[in-house]
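Below you'll find the structure, written out as structure tokens, and then a few comments.
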Amino acid sequence: MGTDMSQAIRQLNQDRGIPEELILRTIEDTLIAAYKHRFGNADNAVVRFDEENLEVSIFAQKKIVEQDGVYDPVTEIDLDEARELNPDAEVGDEILVEIDPKQFDRIAVQSAKQKAHQTIRDIQKDSLHSEFKDKEGEIIIGYYQRERNGTIYVDIGKMEGILPKKYQSPREIYHVNDRIKALIAEVKKDSSGLQIVLSRTHTEFVRAIFELEVPEIYDKTVEIHKIVREPGFRTKLAVYSNREDVDPVGACVGLKGVRIQAVIKELEGEKIDILKYDPDPRRFIKNALSPAEVRDVIILDEGKHQALAVVSDTMLSLAIGKQGLNVRLANRLVDWNIDVKTESQFAEMDIAAESRRAVSELFGDSESYDNEISRISELPNVDSRIAQVLLDNGIDLIEDFIALSQEELESKGLSAAELDGLRKVIEDYVEIVEEDDDEYEDEQEEKSDEETSEENTEAEEYECPECGAKITVDMTTCPSCGIGLSFEYEEEE
């Protein structure tokens, strides 16, 4: 039996990775559980293993009492019976009495076995959780076992991992026993068991693949600044070198592209753009729009991370990408909002305001710049088509636009949404000061009175009949010759 137990301990240790001390503790707990089920109390139960862990025994620790003085046979033993076990026993001493496992009934044994199995499962779960938790973010290789509701179950050795549908690349199709390389994305332990979630769509999966294929990334000579990805379609990777003599892009591509081809093959043909990270946002944006060649990058609003990239007419579709994928990934990579324009579109734009703003912000004079904006075309981020439509209708100044009603503006050929957008831009960049209504009315009345007075004065001027000097009806003497004046009015017939 000793040999059998020793072999069982060794097998559990090798097959399930359970440490020997935990196995021995499980055996001890199992025997104590059976003892408690049999005798109702296990406070005096003692389990002993021999030096080589070949034999295990369970004892009841009992107190020696006078003959006929035993009240609790589970915890007490009389002196005569004790001396049969140990001739030197005395009243008041304690003695270990070995319990024959045959005394345990079938129910006690069954209960102990269930407890042992549960304990081993818990130990194994804790051991596997600890092992795989340390491997989160690492690559693991497994084999396709089965599929259910889109989730693929992968044999990863000691247990089964799951590859959910959302973490599968749309390019890939798997069959039974196919080799699958995936990232350990998450290790979860709950009442239902241990779950290892795998992924082939995480950006960290791409990072781990590059670490395997590019030694310079693994040893930190070349580092990855950021990865953005549309799984199955395109990945953009910004890298930089910690050594001047190492080209980060060249190191990732490898001689004749051997390294990058290995990564592309692993990703089932997904396009990968490797570009150099640059702390200058203009150069970084230019690099991020690869494979398109960018002629120039203009920073429209540094605070809001808004920029304009100018490309040739032939490069526009390449810069934007299919369904806007290339520019969308570039936006995420550089964390800027990039607007791509062709050279012809750029030539039609009025970027003087943007240029002045950049200079003003450079010298800390952004407030004075805001006050200079008077034309609609000078507003940052204004749609050039809207500005042109307004200009064609004779509306160039911001104040002219504000003065018109919604109906008048919509009659110029602009939608309500476009007008609301333009008003939002004006609110963001222009401070509009409205005059007080009472002051405005007083000024208008005063101006009207002055004009009326001037008109009346001009209408009632006459010439002096004596010297020809100008006189008015309110004069009694000529200011030039001093002759007395009087005015008579003839009634019109």
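Ordered as shown in the structure tokens, chains take letters A, B, and onward, while each chain numbers its residues from 1 and ligands are numbered from 1 in the order shown.
Residue neighbourhood of Leu31 (chain A), excluding near-sequence residues (fewer than 2 positions): Ile27, Glu28, Asp29, Ala33, Ala34, Tyr35, Val47, Ile58 and Ala112 of chain A, at 8 Å, using only C-alpha atoms.
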>> Can you tell me, as JSON, numbers by chain, which residues in region 268-436 of chain A count as helix (DSSP H, G or I) by DSSP?
In response: {"A": [281, 282, 283, 284, 285, 286, 287, 288, 313, 314, 315, 316, 317, 318, 319, 320, 322, 323, 324, 325, 326, 327, 328, 329, 330, 331, 332, 333, 334, 343, 344, 345, 346, 347, 348, 352, 353, 354, 355, 356, 357, 358, 359, 360, 361, 362, 366, 367, 368, 369, 370, 371, 372, 376, 377, 378, 384, 385, 386, 387, 388, 389, 390, 391, 392, 398, 399, 400, 401, 402, 403, 406, 407, 408, 409, 410, 416, 417, 418, 419, 420, 421, 422, 423, 424, 425, 426, 427, 428, 429]}
> Neighbours of region 225-230 of chain A within 12 Å (only C-alpha atoms; same-chain residues fewer than 5 positions away dropped), as an MDAnalysis selection string?
Replying inline: chainID A and resid 167:171 200:208 210 217 220 235:242 248 267 270:279 284 288 324:335
> Which residues come within 9 Å of Lys470 (chain A), counting only C-alpha atoms, excluding same-chain residues fewer than 3 positions away, as a ChimeraX atom specification?
Replying inline: /A:461-464,478-480
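CA of Ile373 (chain A) is positioned 23.0 Å from CA of Asn337 (chain A).
CA of Arg234 (chain A) sits 20.6 Å away from CA of Ile139 (chain A).
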>> Give me, as a PyMOL selection string, all polymer residues having an atom no more than 6 Å from Ile180 (chain A), counting only C-alpha atoms and skipping those fewer than 2 positions away in the same chain.
In response: chain A and resi 141-143
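If only C-alpha atoms are the atoms counted, then among A:Lys125, A:Glu136, A:Ser317, A:Lys181 the closest residue to Met159 (chain A) is A:Lys125.
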> Which of region 179-291 of chain A counts as strand (DSSP E or B) under DSSP, as a PyMOL selection string please?
Replying inline: chain A and resi 179-190+193-199+222-230+234-241+271-276
>> Report as number ranges by chain all protein, DNA and RNA residues lying within 8 Å of Ala251 (chain A), evaluated on only C-alpha atoms, omitting residues in the same chain fewer than 3 positions from it.
In response: A: 214, 216, 222, 246-248, 254
Resulting file, chosen residues, N, CA, C and O atoms, as a CSV table (one decimal), in the first residue's frame:
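As a result, selection24.csv now contains:
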chain,number,residue,atom,x,y,z
A,214,VAL,N,11.8,39.9,-34.3
A,214,VAL,CA,12.9,41.0,-34.4
A,214,VAL,C,13.7,41.0,-33.1
A,214,VAL,O,13.2,41.5,-32.1
A,216,GLU,N,16.0,42.9,-32.2
A,216,GLU,CA,16.3,44.3,-31.7
A,216,GLU,C,15.1,44.8,-30.8
A,216,GLU,O,15.3,45.6,-29.9
A,222,VAL,N,15.4,48.5,-30.3
A,222,VAL,CA,14.3,49.2,-31.1
A,222,VAL,C,13.1,49.0,-30.2
A,222,VAL,O,12.8,47.9,-29.7
A,246,VAL,N,21.3,52.2,-35.5
A,246,VAL,CA,20.3,51.2,-35.9
A,246,VAL,C,19.1,51.9,-36.4
A,246,VAL,O,18.5,52.7,-35.8
A,247,ASP,N,18.7,51.5,-37.7
A,247,ASP,CA,17.5,52.0,-38.3
A,247,ASP,C,16.3,51.2,-37.8
A,247,ASP,O,16.2,50.0,-38.0
A,248,PRO,N,15.4,51.8,-37.1
A,248,PRO,CA,14.3,51.0,-36.5
A,248,PRO,C,13.4,50.4,-37.5
A,248,PRO,O,12.9,49.2,-37.3
A,254,GLY,N,13.8,43.8,-41.9
A,254,GLY,CA,14.7,42.7,-42.1
A,254,GLY,C,15.3,42.6,-43.5
A,254,GLY,O,14.8,43.3,-44.4
> Can you list, as a PyMOL selection string, every protein, DNA or RNA residue that comes within 12 Å of Glu90 (chain A) when you count only C-alpha atoms, leaving out same-chain residues fewer than 2 positions away?
Replying inline: chain A and resi 63-67+77-88+92-95
Store the residues picked out above, limited to C-alpha atoms, as a CSV table (one decimal), in the first residue's frame.
chain,number,residue,atom,x,y,z
A,63,LYS,CA,-6.4,10.8,28.1
A,64,ILE,CA,-5.6,7.9,30.5
A,65,VAL,CA,-8.1,7.6,33.3
A,66,GLU,CA,-8.7,5.1,36.2
A,67,GLN,CA,-10.4,1.8,35.4
A,77,ILE,CA,-9.0,5.3,27.8
A,78,ASP,CA,-8.7,3.4,31.1
A,79,LEU,CA,-5.3,2.6,32.6
A,80,ASP,CA,-5.3,-1.2,31.9
A,81,GLU,CA,-6.0,-0.8,28.2
A,82,ALA,CA,-3.4,2.0,27.9
A,83,ARG,CA,-0.7,-0.2,29.6
A,84,GLU,CA,-1.3,-2.8,26.9
A,85,LEU,CA,-0.1,-0.2,24.4
A,86,ASN,CA,2.5,1.3,26.6
A,87,PRO,CA,3.6,-0.5,29.9
A,88,ASP,CA,4.8,2.9,31.3
A,92,GLY,CA,-3.4,11.6,33.5
A,93,ASP,CA,-1.0,10.9,30.6
A,94,GLU,CA,-2.1,11.1,27.0
A,95,ILE,CA,-1.5,8.3,24.6
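Atom to atom, CA of Glu138 (chain A) and CA of Lys165 (chain A) stand 19.7 Å apart.
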